[in-house]
Amino acid sequence: MTLNFVTPLKAYYSEKTVASVKVPGMEGEYGLTAGHTPIISQMKPGVLSIVHESGSEPEKFFVSGGFALTHSTSQTDISAMEAVKLDMIDADAVKETYAKAKSSFDSSEAGSTPKAAAQIQMETAKAMAAAIGSSV
């Protein structure tokens, strides 16, 4: 299958041939291989796994959300808001991000934009911590 994987700041892969991709879809995690039925899905914060060659270890990225579109031509386009390789994530920084977001959440007015933004940061930090086997 062919993979295109981009964020607003970086194109990770363009027309890259890979064996499979595992996507953190909003309705659940799902795998893609060549010949997969066309599908469009929104991604939730989680781990995007890319297997470059059958039998090899997957390359893993944390994505904060985005969209995945698989075409009938076995091409998959992944557009993520943010992406970082799992081995680049600092557990202490994730905990600090969560703590700051929780403080902001607790001190913000119910129904306000700052409260909603803090809630999103908290949920993303929790998902990121879970992706690296940590907790917040």
# chains A, B, ... in the order shown; residues from 1 in each chain; ligands from 1
$ residues_around --residues "range 66-79 of chain A" --least-positions-apart "4" --cutoff "6 Å" --atoms "only C-alpha atoms" --output "number ranges by chain"
A: 1-7, 34-35, 38-43
$ write_last_selection --atoms "N, CA, C and O atoms" --output "CSV table (one decimal), in the first residue's frame"
chain,number,residue,atom,x,y,z
A,1,MET,N,0.8,-1.2,0.0
A,1,MET,CA,0.0,0.0,0.0
A,1,MET,C,0.9,1.2,0.0
A,1,MET,O,2.0,1.2,0.4
A,2,THR,N,0.3,2.3,-0.4
A,2,THR,CA,1.0,3.6,-0.4
A,2,THR,C,0.5,4.5,0.7
A,2,THR,O,-0.7,4.7,0.9
A,3,LEU,N,1.5,5.2,1.4
A,3,LEU,CA,1.1,6.0,2.5
A,3,LEU,C,1.6,7.5,2.2
A,3,LEU,O,2.7,7.7,1.8
A,4,ASN,N,0.7,8.4,2.5
A,4,ASN,CA,1.0,9.8,2.6
A,4,ASN,C,0.7,10.2,4.0
A,4,ASN,O,-0.5,10.0,4.5
A,5,PHE,N,1.6,10.7,4.8
A,5,PHE,CA,1.4,11.1,6.2
A,5,PHE,C,2.0,12.5,6.4
A,5,PHE,O,3.2,12.7,6.3
A,6,VAL,N,1.1,13.4,6.7
A,6,VAL,CA,1.5,14.8,6.9
A,6,VAL,C,0.9,15.5,8.1
A,6,VAL,O,-0.1,15.0,8.7
A,7,THR,N,1.6,16.5,8.6
A,7,THR,CA,1.0,17.4,9.6
A,7,THR,C,1.1,18.8,9.0
A,7,THR,O,1.7,19.0,7.9
A,34,ALA,N,-2.8,-3.3,1.8
A,34,ALA,CA,-3.1,-3.2,0.4
A,34,ALA,C,-4.5,-3.8,0.1
A,34,ALA,O,-4.8,-4.9,0.6
A,35,GLY,N,-5.3,-3.2,-0.7
A,35,GLY,CA,-6.6,-3.8,-1.0
A,35,GLY,C,-7.7,-3.5,0.0
A,35,GLY,O,-8.8,-4.0,-0.2
A,38,PRO,N,-12.2,1.2,0.8
A,38,PRO,CA,-12.1,2.6,1.0
A,38,PRO,C,-12.8,3.0,2.3
A,38,PRO,O,-13.9,2.5,2.6
A,39,ILE,N,-12.1,3.9,3.1
A,39,ILE,CA,-12.7,4.4,4.3
A,39,ILE,C,-12.2,5.8,4.7
A,39,ILE,O,-11.1,6.1,4.3
A,40,ILE,N,-13.0,6.5,5.3
A,40,ILE,CA,-12.7,7.9,5.8
A,40,ILE,C,-12.9,7.8,7.3
A,40,ILE,O,-14.0,7.4,7.7
A,41,SER,N,-12.0,8.3,8.1
A,41,SER,CA,-12.2,8.3,9.5
A,41,SER,C,-11.5,9.5,10.2
A,41,SER,O,-10.5,9.9,9.8
A,42,GLN,N,-12.2,9.9,11.3
A,42,GLN,CA,-11.5,10.9,12.1
A,42,GLN,C,-10.6,10.1,13.1
A,42,GLN,O,-11.0,9.1,13.6
A,43,MET,N,-9.5,10.7,13.4
A,43,MET,CA,-8.6,10.0,14.3
A,43,MET,C,-8.7,10.7,15.7
A,43,MET,O,-8.9,11.9,15.8
$ select_by_dssp --residues "chain A" --states "strand (DSSP E or B)" --output "MDAnalysis selection string"
chainID A and resid 2:6 11:17 20:25 28:33 39:43 46:51 59:63 66:70 75:80 83:85
$ closest_residue --among "A:Ser20, A:Ser56, A:Ser135, A:Thr97" --to "Met122 in chain A" --atoms "only C-alpha atoms"
A:Thr97
$ closest_residue --among "A:Ala11, A:Val47, A:Val18, A:Ala118" --to "Lys100 in chain A" --atoms "only C-alpha atoms"
A:Ala118
$ atom_distance --atom1 "CA of Ser103 in chain A" --atom2 "CA of Ala117 in chain A"
12.0 Å
$ select_by_dssp --residues "range 12-98 of chain A" --states "helix (DSSP H, G or I)" --output "PyMOL selection string"
chain A and resi 86-88+91-98
$ atom_distance --atom1 "CA of Ser134 in chain A" --atom2 "CA of Ala80 in chain A"
22.6 Å
$ closest_residue --among "A:Ala116, A:Val51, A:Ala131, A:Val23" --to "Ile89 in chain A" --atoms "only C-alpha atoms"
A:Ala131
$ residues_around --residues "Ala83 in chain A" --least-positions-apart "4" --cutoff "7 Å" --atoms "only C-alpha atoms" --output "list in words"
Thr7, Phe61, Phe62, Val63 and Ser64 of chain A
$ write_last_selection --atoms "C-alpha atoms" --output "PDB file, in the first residue's frame"
ATOM      1  CA  THR A   7       1.020  17.438   9.602  1.00  0.00           C
ATOM      2  CA  PHE A  61       3.912   8.035  16.280  1.00  0.00           C
ATOM      3  CA  PHE A  62       1.624   9.748  18.759  1.00  0.00           C
ATOM      4  CA  VAL A  63      -0.964  11.766  16.837  1.00  0.00           C
ATOM      5  CA  SER A  64      -3.197  14.311  18.523  1.00  0.00           C
TER       6      SER A  64
END
$ residues_around --residues "Lys85 in chain A" --least-positions-apart "2" --cutoff "6 Å" --atoms "only C-alpha atoms" --output "ChimeraX atom specification"
/A:60-61,87-88
$ closest_residue --among "A:Ala99, A:Val21, A:Met81, A:Val136" --to "Pro58 in chain A" --atoms "only C-alpha atoms"
A:Val21
$ closest_residue --among "A:Gly111, A:Leu86, A:Thr37, A:Gly65" --to "Ala130 in chain A" --atoms "only C-alpha atoms"
A:Leu86
$ closest_residue --among "A:Glu82, A:Ser104, A:Gly46, A:His52" --to "Ala129 in chain A" --atoms "only C-alpha atoms"
A:Gly46
